[in-house]
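A quick write-up on the structure given underneath.
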Amino acid sequence: MQWVRSAISDLQSAISMPPLLLALSYWLHMLATIVWVGGLAMMALVAWPGAQKILGPGPTMAALVAEWQRRFNPLAWLSLAVLIATGLTQMTANKNYAGFLNIANAWTAAILTKHIAVGGMIVIGAFMNGALQPALARLALLESRGKPAPEIEILRRRELALIRLNLACGILVLALTAVARAVG
């Protein structure tokens, strides 16, 4: 483990981050955060409740949610890639960074906790994209063919709960970012 810390420390010393590159990294990081967390907030707090109130359950609501997912999921995953790349750049350029899994100060504790919350968001998103949304699509197809699929509403409620949980994790990530900036 010491050799990993030493290699990261050497890499950190070798990286002399030009201010313009660091500013670009911060900008892209904030933009990706707005897309990802803002998209979750819009979906959980505005779009979904409004659509449910107007459309109610049924095939029209299912088609609308499928269209939202078709449009938002690529943006969310692209945002995640940008967040990882720019976050690693910023982390290694920060004077408080003490090496991989070296919790040496309040900044590193906040950043580690932030990364755990981001990991939770990734797991939730992967479950929704890989398991929940395909199951909902199959049930919506059955409903569109006139076959009853009563479990679809249970899965829709689960989907909304997971979107809200993901949003809560995103808000936690923002709070931990504020803590890291305040102590770092």
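Every chain in the structure tokens takes a letter, A first, then B, and so on in the order presented; its residues are numbered from 1, and the ligands are numbered from 1 following the presented order.
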Fill in: Spatial neighbours of segment 138-143 of chain A, 7 Å, only C-alpha atoms, chain gap at least 6 places, as a list in words
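The residues that qualify are Pro59, Ala62, Ala149 and Ile152 of chain A.
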Please write the residues from the selection above to a file, keeping N, CA and C atoms, as a CSV table (one decimal), in the first residue's frame.
```csv
chain,number,residue,atom,x,y,z
A,59,PRO,N,-50.8,3.5,-19.7
A,59,PRO,CA,-49.8,3.4,-20.8
A,59,PRO,C,-49.2,4.8,-21.2
A,62,ALA,N,-46.6,5.6,-18.7
A,62,ALA,CA,-45.4,4.7,-19.0
A,62,ALA,C,-44.6,5.2,-20.2
A,149,ALA,N,-51.2,-5.9,-16.0
A,149,ALA,CA,-49.9,-6.0,-15.3
A,149,ALA,C,-50.0,-5.2,-14.0
A,152,ILE,N,-47.0,-3.3,-12.2
A,152,ILE,CA,-46.4,-2.2,-12.8
A,152,ILE,C,-46.4,-0.9,-11.9
```
Practice prompt. Please provide the set of residues having any atom within 8 Å of segment 41-46 of chain A, restricted to only C-alpha atoms, with same-chain residues fewer than 6 positions apart removed, written as number ranges by chain.
Written response: A: 160, 163-164, 167
Discussion item. Give me, as a count of residues only, all polymer residues having an atom no more than 9 Å from Asn96 of chain A, counting only C-alpha atoms and skipping those fewer than 2 positions away in the same chain.
Written reply: 10
Worksheet item: Pick the closest to Ala182 of chain A from A:Leu162, A:Cys169, A:Ala117, A:Ile111: which is it, counting only C-alpha atoms?
Response: A:Ile111
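Note that the spacing between atom CA of Trp48 of chain A and atom CA of Arg156 of chain A amounts to 10.5 Å.
For the pair atom CA of Arg158 of chain A and atom CA of Ala66 of chain A, the separation is 15.0 Å.
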Discussion item. Just checking: using only C-alpha atoms, which residue out of A:Lys147, A:Met128, A:Gln69, A:Leu78 ends up closest to Thr33 of chain A?
Written reply: A:Leu78
Discussion item. Let me make sure I understand: among A:Ile54, A:Leu155, A:Val35, A:Ala175, which one has the smallest atom-to-atom distance to Pro74 of chain A if we use only C-alpha atoms?
Written reply: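 Counting only C-alpha atoms, the residue closest to Pro74 of chain A is A:Val35.
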Fill in: Best match for closeness to Ile116 of chain A among A:Gly58, A:Pro148, A:Gly170, A:Pro134, counting only C-alpha atoms
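When distances to Ile116 of chain A are compared using only C-alpha atoms, the smallest one comes from A:Gly170.
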Item to complete: Tell me which protein, DNA and RNA residues are within 10 Å of Asn73 of chain A, counting only C-alpha atoms, leaving out same-chain ones fewer than 6 positions away, and put them as a list in words.
Response: Trp36, Gly39, Ser79, Gly125 and Asn129 of chain A
Restricting the output to C-alpha atoms, write the selected residues as a PDB file, in the first residue's frame.
```
ATOM      1  CA  TRP A  36     -26.965  15.008 -13.160  1.00  0.00           C
ATOM      2  CA  GLY A  39     -32.002  16.354 -13.787  1.00  0.00           C
ATOM      3  CA  SER A  79     -22.121  13.582 -16.655  1.00  0.00           C
ATOM      4  CA  GLY A 125     -28.566   4.253 -11.430  1.00  0.00           C
ATOM      5  CA  ASN A 129     -31.075   1.087 -15.948  1.00  0.00           C
TER       6      ASN A 129
END
```
Item to complete: Between A:Leu174, A:Pro49, A:Pro18, A:Pro57, single out the one closest to Met30 of chain A, counting only C-alpha atoms.
Response: A:Leu174
Practice prompt. Point out the residue among A:Phe100, A:Phe127, A:Trp68, A:Trp77 with the least atom-to-atom distance to Ala51 of chain A, counting only C-alpha atoms.
Written response: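 Selected residue with least distance to Ala51 of chain A: A:Trp68.
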Worksheet, complete the sentence: A straight line from atom CA of Leu40 of chain A to atom CA of Asn166 of chain A spans 7.4 Å
Fill in: Per-residue DSSP, segment 91-180 of chain A, filtered to alpha helix (DSSP H), as a PyMOL selection string
chain A and resi 91-93+106-127+133-144+151-180
